[in-house]
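Below is entry.cif, which holds mmCIF, C-alpha atoms.
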```cif
data_my_file
#
loop_
_atom_site.label_atom_id
_atom_site.label_comp_id
_atom_site.auth_asym_id
_atom_site.auth_seq_id
_atom_site.Cartn_x
_atom_site.Cartn_y
_atom_site.Cartn_z
CA MET M 1 80.37 59.76 152.96
CA PRO M 2 80.03 61.59 149.72
CA THR M 3 81.27 59.70 146.77
CA ARG M 4 83.76 61.45 144.56
CA GLN M 5 82.24 62.11 141.21
CA LYS M 6 84.42 62.15 138.18
CA PRO M 7 84.33 65.55 136.50
CA LYS M 8 82.22 65.40 133.41
CA GLN M 9 84.20 65.85 130.29
CA ALA M 10 82.69 67.84 127.51
CA PRO M 11 81.92 65.71 124.50
CA PRO M 12 84.52 66.22 121.82
CA ALA M 13 83.47 68.74 119.23
CA PRO M 14 82.64 67.13 115.94
CA ALA M 15 85.24 67.69 113.28
CA TYR M 16 84.62 70.54 110.87
CA ASN M 17 83.65 68.56 107.83
CA LYS M 18 83.40 69.53 104.20
CA TRP M 19 79.63 70.01 104.32
CA GLU M 20 79.95 72.60 107.04
CA PHE M 21 82.66 74.30 105.06
CA LEU M 22 80.33 74.35 102.04
CA ARG M 23 77.50 75.75 104.16
CA ASP M 24 79.71 78.56 105.54
CA PHE M 25 81.14 79.27 102.13
CA CYS M 26 77.64 79.57 100.58
CA ASN M 27 76.49 81.80 103.45
CA ARG M 28 79.45 84.17 103.01
CA PHE M 29 79.00 84.11 99.25
CA PHE M 30 75.34 85.12 99.59
CA ASP M 31 76.34 87.76 102.17
CA LEU M 32 78.54 89.33 99.50
CA PHE M 33 75.60 89.47 97.09
CA ASN M 34 73.16 90.71 99.73
CA SER M 35 75.47 93.54 100.74
CA GLY M 36 76.02 94.63 97.15
CA LYS M 37 79.63 93.46 97.00
CA ILE M 38 79.34 92.10 93.49
CA TYR M 39 83.01 92.61 92.67
CA PRO M 40 84.53 90.16 95.21
CA ALA M 41 81.69 87.71 94.49
CA PHE M 42 82.50 87.85 90.79
CA GLY M 43 86.20 87.43 91.60
CA LEU M 44 85.46 84.29 93.62
CA PHE M 45 83.27 82.98 90.81
CA VAL M 46 86.04 83.46 88.23
CA LEU M 47 88.61 81.95 90.60
CA GLY M 48 86.33 78.93 91.01
CA ILE M 49 86.11 78.43 87.25
CA VAL M 50 89.90 78.73 86.88
CA THR M 51 90.43 76.19 89.69
CA LEU M 52 87.92 73.80 88.10
CA ILE M 53 89.64 74.03 84.72
CA ALA M 54 93.05 73.52 86.30
CA PHE M 55 91.84 70.37 88.05
CA ARG M 56 90.13 69.00 84.94
CA ILE M 57 93.13 69.41 82.65
CA PRO M 58 95.10 66.18 82.28
CA ASP M 59 98.44 66.22 84.09
CA ASN M 60 100.47 65.95 80.93
CA GLN M 61 98.87 69.13 79.48
CA LEU M 62 99.19 71.27 82.64
CA PRO M 63 102.85 72.32 82.19
CA GLY M 64 102.02 73.53 78.67
CA VAL M 65 99.16 75.72 79.96
CA VAL M 66 101.33 77.13 82.75
CA GLY M 67 104.05 77.84 80.19
CA GLN M 68 101.56 79.67 77.96
CA LEU M 69 100.37 81.74 80.93
CA ILE M 70 103.92 82.72 81.87
CA GLU M 71 104.66 83.61 78.26
CA MET M 72 101.54 85.77 78.11
CA LEU M 73 102.39 87.56 81.34
CA GLN M 74 105.86 88.41 80.06
CA GLY M 75 104.49 90.47 77.16
CA SER M 76 102.49 93.68 77.00
CA VAL M 77 99.38 91.85 78.17
CA GLY M 78 101.22 91.01 81.36
CA LEU M 79 101.98 94.68 81.82
CA ALA M 80 98.30 95.48 81.38
CA TYR M 81 97.36 92.86 83.98
CA ALA M 82 99.99 94.19 86.38
CA LEU M 83 98.62 97.71 85.96
CA LEU M 84 95.10 96.40 86.48
CA ALA M 85 96.13 94.72 89.72
CA LEU M 86 98.01 97.86 90.83
CA SER M 87 95.00 99.97 89.96
CA ASN M 88 92.76 97.82 92.14
CA VAL M 89 95.18 97.97 95.06
CA LEU M 90 95.38 101.77 94.75
CA TRP M 91 91.60 102.01 94.58
CA VAL M 92 91.22 100.02 97.80
CA TRP M 93 93.86 102.17 99.50
CA GLN M 94 92.10 105.33 98.37
CA TYR M 95 88.75 104.06 99.60
CA ARG M 96 90.20 103.28 103.01
CA GLU M 97 91.97 106.65 103.20
CA GLN M 98 88.75 108.47 102.35
CA ARG M 99 86.79 106.46 104.90
CA ARG M 100 89.40 107.20 107.59
CA MET M 101 89.30 110.90 106.76
CA TYR M 102 85.51 111.13 106.94
CA LEU M 103 85.38 109.14 110.18
CA ARG M 104 87.91 111.54 111.73
CA GLU M 105 85.77 114.49 110.64
CA ILE M 106 82.68 112.85 112.15
CA ASP M 107 84.55 112.31 115.43
CA ARG M 108 85.60 115.95 115.46
CA LEU M 109 82.04 117.15 114.88
CA ALA M 110 80.76 114.76 117.53
CA ALA M 111 83.23 116.23 120.04
CA ILE M 112 82.01 119.76 119.22
CA ARG M 113 78.39 118.67 119.57
CA GLN M 114 79.16 117.13 122.94
CA GLU M 115 80.83 120.32 124.12
CA LEU M 116 77.89 122.41 122.95
CA MET M 117 75.31 120.09 124.49
CA HIS M 118 77.00 119.64 127.84
CA GLY M 119 78.96 122.89 128.11
CA THR M 120 77.87 125.74 130.32
CA SER M 121 78.53 128.72 128.10
CA PRO M 122 75.40 130.75 127.34
CA VAL M 123 76.95 132.64 124.39
CA LEU M 124 75.27 131.98 121.07
CA ILE M 125 76.55 132.94 117.64
CA LYS M 126 73.97 135.19 116.01
CA GLU M 127 75.09 135.41 112.41
CA HIS M 128 75.68 132.30 110.32
CA ARG M 129 78.92 132.57 108.36
CA SER M 130 79.50 129.87 105.79
CA SER M 131 81.72 129.66 102.75
CA THR M 132 78.69 129.71 100.45
CA GLY M 133 76.52 132.46 101.85
CA GLN M 134 78.59 134.70 104.01
CA GLN M 135 80.86 136.56 101.68
CA GLN M 136 80.67 138.32 98.39
CA GLU M 137 82.61 136.24 95.91
CA SER M 138 85.40 137.86 93.98
CA TYR M 139 88.22 136.63 91.85
CA LEU M 140 91.05 137.47 94.14
CA MET M 141 90.04 138.04 97.70
CA PRO M 142 87.00 138.27 99.91
CA THR M 143 85.48 141.70 99.67
CA LYS M 144 82.95 142.86 102.15
CA LEU M 145 82.16 146.41 103.10
CA ASP M 146 83.14 145.90 106.72
CA ALA M 147 86.20 143.79 105.85
CA ALA M 148 88.57 146.70 106.40
CA ASP M 149 89.80 147.28 109.90
CA PRO M 150 87.90 150.31 111.22
CA ASN M 151 90.73 151.08 113.60
CA GLU M 152 93.54 150.64 111.12
CA GLY M 153 96.26 153.12 112.03
CA ASN M 154 94.73 153.87 115.44
CA SER M 155 96.03 150.79 117.23
CA MET C 1 96.19 94.84 64.43
CA ASN C 2 98.23 93.99 67.52
CA THR C 3 99.59 97.52 67.56
CA LEU C 4 96.08 98.93 67.44
CA ILE C 5 94.95 96.71 70.31
CA PHE C 6 98.03 97.71 72.29
CA LEU C 7 97.28 101.41 71.69
CA LEU C 8 93.68 100.88 72.80
CA VAL C 9 94.76 99.09 75.96
CA ALA C 10 97.41 101.73 76.65
CA THR C 11 94.79 104.49 76.25
CA LEU C 12 92.46 102.71 78.66
CA VAL C 13 95.27 102.21 81.17
CA LEU C 14 96.22 105.89 80.94
CA TYR C 15 92.56 106.85 81.39
CA VAL C 16 92.35 104.70 84.53
CA MET C 17 95.54 106.32 85.86
CA PHE C 18 94.04 109.74 85.11
CA LEU C 19 90.93 108.79 87.11
CA HIS C 20 93.15 107.65 89.97
CA ILE C 21 95.11 110.88 90.05
CA HIS C 22 91.93 112.95 89.81
CA ALA C 23 90.28 111.02 92.65
CA TYR C 24 93.45 111.32 94.75
CA ASP C 25 93.58 115.09 94.16
CA GLU C 26 89.92 115.38 95.19
CA LEU C 27 90.73 113.42 98.32
CA ARG C 28 93.63 115.69 99.25
CA LEU C 29 91.60 118.85 98.58
CA THR C 30 88.80 117.49 100.77
CA ALA C 31 91.39 116.94 103.50
CA TYR C 32 92.38 120.64 103.23
CA ARG C 33 88.71 121.66 103.36
CA PHE C 34 88.31 119.66 106.56
CA ARG C 35 91.36 121.34 108.07
CA TYR C 36 89.87 124.75 107.30
CA PHE C 37 86.51 123.63 108.72
CA GLU C 38 88.29 122.65 111.91
CA LEU C 39 89.95 126.05 112.19
CA ARG C 40 86.65 127.85 111.62
CA ASP C 41 84.95 125.70 114.25
CA LYS C 42 87.74 126.34 116.75
CA LEU C 43 87.26 130.07 116.22
CA ALA C 44 83.49 129.76 116.63
CA MET C 45 84.00 127.80 119.85
CA LEU C 46 86.09 130.66 121.21
CA VAL C 47 83.06 132.90 120.64
CA VAL C 48 80.75 130.36 122.28
CA GLN C 49 83.11 130.14 125.26
CA GLY C 50 83.06 133.92 125.57
CA LYS C 51 86.77 134.36 124.79
CA LEU C 52 86.18 136.29 121.57
CA ARG C 53 83.41 138.67 120.56
CA GLU C 54 81.34 137.77 117.53
CA ASP C 55 81.12 141.40 116.39
CA SER C 56 84.87 141.97 116.70
CA TRP C 57 86.71 142.90 113.52
CA GLU C 58 89.28 140.12 113.90
CA TYR C 59 86.64 137.39 114.25
CA LYS C 60 84.78 138.58 111.14
CA HIS C 61 87.96 138.97 109.16
CA ILE C 62 89.45 135.59 110.09
CA VAL C 63 86.17 133.78 109.35
CA GLU C 64 85.92 135.53 105.99
CA THR C 65 89.47 134.61 105.12
CA ILE C 66 88.97 130.97 106.06
CA ASN C 67 85.67 130.90 104.16
CA PHE C 68 87.43 132.32 101.13
CA HIS C 69 89.94 129.48 101.22
CA ILE C 70 87.22 126.84 101.70
CA GLU C 71 85.25 128.28 98.80
CA SER C 72 88.38 128.37 96.63
CA VAL C 73 89.30 124.77 97.41
CA GLU C 74 85.73 123.66 96.66
CA THR C 75 85.16 125.48 93.40
CA VAL C 76 88.42 126.47 91.77
CA SER C 77 90.54 124.06 89.72
CA ILE C 78 93.98 123.20 91.08
CA ILE C 79 95.66 125.14 88.26
CA ARG C 80 93.86 128.37 89.16
CA LEU C 81 93.91 127.70 92.89
CA VAL C 82 97.68 127.98 93.18
CA THR C 83 97.85 131.16 91.09
CA MET C 84 95.00 132.68 93.06
CA LEU C 85 96.46 131.90 96.47
CA ILE C 86 99.89 133.18 95.44
CA LYS C 87 98.34 136.48 94.31
CA TYR C 88 96.21 136.66 97.44
CA HIS C 89 99.02 136.09 99.90
CA THR C 90 101.49 138.40 98.18
CA SER C 91 99.02 141.26 97.67
CA SER C 92 99.59 144.49 99.57
CA GLU C 93 95.98 144.43 100.76
CA GLU C 94 96.48 141.04 102.45
CA GLN C 95 99.72 142.23 104.03
CA ARG C 96 97.90 145.27 105.43
CA GLN C 97 95.20 143.02 106.88
CA VAL C 98 97.78 140.68 108.43
CA ARG C 99 99.59 143.63 110.03
CA ALA C 100 96.29 144.81 111.49
CA LEU C 101 95.54 141.33 112.79
CA THR C 102 98.93 140.95 114.46
CA LYS C 103 98.35 144.26 116.24
CA ARG C 104 94.83 143.44 117.37
CA ILE C 105 95.08 139.78 118.37
CA ASP C 106 95.90 139.54 122.04
CA ASP C 107 94.45 136.11 122.79
CA PRO C 108 97.07 133.32 122.30
CA ALA C 109 94.27 130.90 121.31
CA VAL C 110 93.31 133.10 118.35
CA ALA C 111 96.98 133.53 117.41
CA LYS C 112 97.36 129.73 117.50
CA ILE C 113 94.45 129.39 115.09
CA MET C 114 96.16 131.87 112.78
CA VAL C 115 99.39 129.83 112.96
CA GLU C 116 97.47 126.68 112.01
CA TYR C 117 95.74 128.56 109.21
CA MET C 118 99.11 129.69 107.84
CA GLU C 119 100.48 126.14 108.08
CA THR C 120 97.46 124.71 106.26
CA THR C 121 97.74 127.28 103.50
CA MET C 122 101.47 126.69 103.12
CA ASP C 123 100.85 122.94 102.85
CA LEU C 124 98.14 123.58 100.28
CA ILE C 125 100.31 125.80 98.08
CA ARG C 126 103.40 123.61 98.45
CA ARG C 127 101.55 120.37 97.73
CA ASN C 128 99.93 121.73 94.57
CA SER C 129 102.95 123.49 93.12
CA ARG C 130 105.77 121.03 93.74
CA VAL C 131 106.74 120.72 90.09
CA GLN C 132 106.49 124.49 89.59
CA LEU C 133 108.71 125.08 92.65
CA PHE C 134 111.24 122.54 91.42
CA LEU C 135 111.41 123.96 87.89
CA ILE C 136 111.62 127.58 89.05
CA GLY C 137 114.34 126.60 91.52
CA ALA C 138 116.32 124.79 88.82
CA VAL C 139 116.03 127.69 86.35
CA LYS C 140 116.96 130.16 89.06
CA ARG C 141 120.07 128.19 89.97
CA VAL C 142 121.14 128.11 86.32
CA LEU C 143 120.52 131.85 85.89
CA ASP C 144 122.28 132.66 89.17
CA ALA C 145 125.29 130.69 87.98
CA ARG C 146 125.35 132.82 84.83
CA GLY C 147 124.81 135.98 86.88
CA SER C 148 121.51 136.99 85.23
CA SER C 149 118.40 136.41 87.33
CA THR C 150 116.44 139.47 86.18
CA LEU C 151 113.73 137.13 84.88
CA PHE C 152 112.52 136.64 88.44
CA GLY C 153 112.08 140.29 89.19
CA CYS C 154 109.95 141.25 86.23
CA GLY C 155 106.75 139.48 87.31
CA LEU C 156 106.65 137.23 84.27
CA PHE C 157 105.11 134.38 86.25
CA GLU C 158 103.74 133.65 89.70
CA ASN C 159 106.40 132.31 92.03
CA PRO C 160 105.05 130.10 94.83
CA SER C 161 108.28 130.60 96.79
CA GLU C 162 107.45 134.28 97.31
CA ALA C 163 104.01 133.43 98.68
CA LEU C 164 105.46 130.69 100.89
CA ALA C 165 108.12 133.06 102.25
CA THR C 166 105.47 135.71 102.99
CA ILE C 167 103.20 133.23 104.75
CA GLU C 168 106.16 131.84 106.72
CA SER C 169 107.02 135.34 107.88
CA ASN C 170 103.39 136.00 108.88
CA LYS C 171 103.29 132.67 110.67
CA SER C 172 106.35 133.64 112.72
CA ALA C 173 104.61 136.83 113.82
CA PHE C 174 101.54 134.91 114.95
CA SER C 175 103.69 132.19 116.58
CA ALA C 176 105.27 134.86 118.77
CA ALA C 177 101.81 136.12 119.73
CA ALA C 178 100.65 132.56 120.46
CA ALA C 179 103.65 131.94 122.72
CA ALA C 180 103.11 135.17 124.64
#
```
As structure tokens, what does this structure read like?
Amino acid sequence: MPTRQKPKQAPPAPAYNKWEFLRDFCNRFFDLFNSGKIYPAFGLFVLGIVTLIAFRIPDNQLPGVVGQLIEMLQGSVGLAYALLALSNVLWVWQYREQRRMYLREIDRLAAIRQELMHGTSPVLIKEHRSSTGQQQESYLMPTKLDAADPNEGNS
Amino acid sequence: MNTLIFLLVATLVLYVMFLHIHAYDELRLTAYRFRYFELRDKLAMLVVQGKLREDSWEYKHIVETINFHIESVETVSIIRLVTMLIKYHTSSEEQRQVRALTKRIDDPAVAKIMVEYMETTMDLIRRNSRVQLFLIGAVKRVLDARGSSTLFGCGLFENPSEALATIESNKSAFSAAAAA
């Protein structure tokens, strides 16, 4: 008679300790440097210094420093910082918008390529017509000798 | 000293805002270029699919017109671009060409491309002349109220509204052909 075996329980995962956090943090920090993202790395570095200073300041001096910061942010310097922050947010938005636009264009071109590669039409376009080489440039409108309708008035 | 530092910071902030606006304008113009590229590719695909002849007058003319707009968006400053497109779309030559196109285009797919081309161009003009449109509209309302709007008939300045109305009318003609 087979004996009933107790299902094996997976050993409990060790708690995520501070050394592992430090290891992951350092890895991500170096990833930022390795991928050329100096700006967020620098931001983290500055944030680290600010945190360190805030922790090192004696408790009785902290309210004074916070008060000074609030006072500074209320003046024209605060306006400059606000504009700086806004500027950064706008820059990120613009970068994302541009990336989205180019990705959409790539998708469109990929769809055309697919149609050309797998389509069955044998018709080829003989003359290349681009905005840089196809037309004679003029100030007002494209002028080409055959631009006028040869059948104008007949149809 | 504080005033000087403030002026310096203000100048830098304004310069950054200028860079933002410039970059945003470039982004929008690139978006218009891509829309024109799409239209040109759609037309070329009609040729590849055998629905339109490459040596037909309408194909050559539409491609040239789209290329002209792409070239303009790429090379001309926004200030000149609006003036140029207004002159282009209100010229008698362009009107003659549009009339010829409406007569010759019998494929709804080509007419649909023309409708999209008109919409893109209207967006382009409207987006880059919003302030001009607003100011001209305001002045016109004031002059109309006083019963003297002769200023608008003497060709003193380019009026985007005229170009937009012309393009809208052309678009309607092509929309009818596309629906047929």
Task: Result set, the PyMOL selection byres ((chain C) within 8 of (chain M)) on current file, as a ChimeraX atom specification - done: /C:6,9-10,13,16-17,20,24,27,31,34,44,47-50,54,57,60-61,63-65,67-68,70-71,84,87-88,97,100,103-104
Open item on the list: For the provided coordinates, the residues matched by the PyMOL selection byres ((chain C and resi 112) around 12) should be stated as JSON, numbers by chain.
Closed with: {"C": [39, 42, 43, 46, 102, 105, 106, 107, 108, 109, 110, 111, 113, 114, 115, 116, 117, 118, 119, 171, 172, 173, 174, 175, 176, 177, 178, 179, 180]}
Task: Using only C-alpha atoms: which of C:Arg99, C:Arg126, C:Arg33, C:Arg28 has the shortest distance to Asn159 of chain C - done: C:Arg126
Open item on the list: (90.1, 125.1, 95.0) in this file's frame - what residues fall within 12 Å of it? Use only C-alpha atoms and give the answer as a ChimeraX atom specification.
Closed with: /C:25-26,28-33,67-85,121,124-125,128
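Note that the spacing between atom CA of Ala138 of chain C and atom CA of Thr166 of chain C amounts to 20.9 Å.
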Open item on the list: Which residues are close to Ile86 of chain C, i.e. within 9 Å by all atoms listed in the file, leaving aside same-chain residues fewer than 6 positions away? Reply as JSON, numbers by chain.
Closed with: {"C": [125, 158, 159, 160, 161, 162, 163, 164]}
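The coordinates place atom CA of Ile53 of chain M at 19.9 Å from atom CA of Pro40 of chain M.
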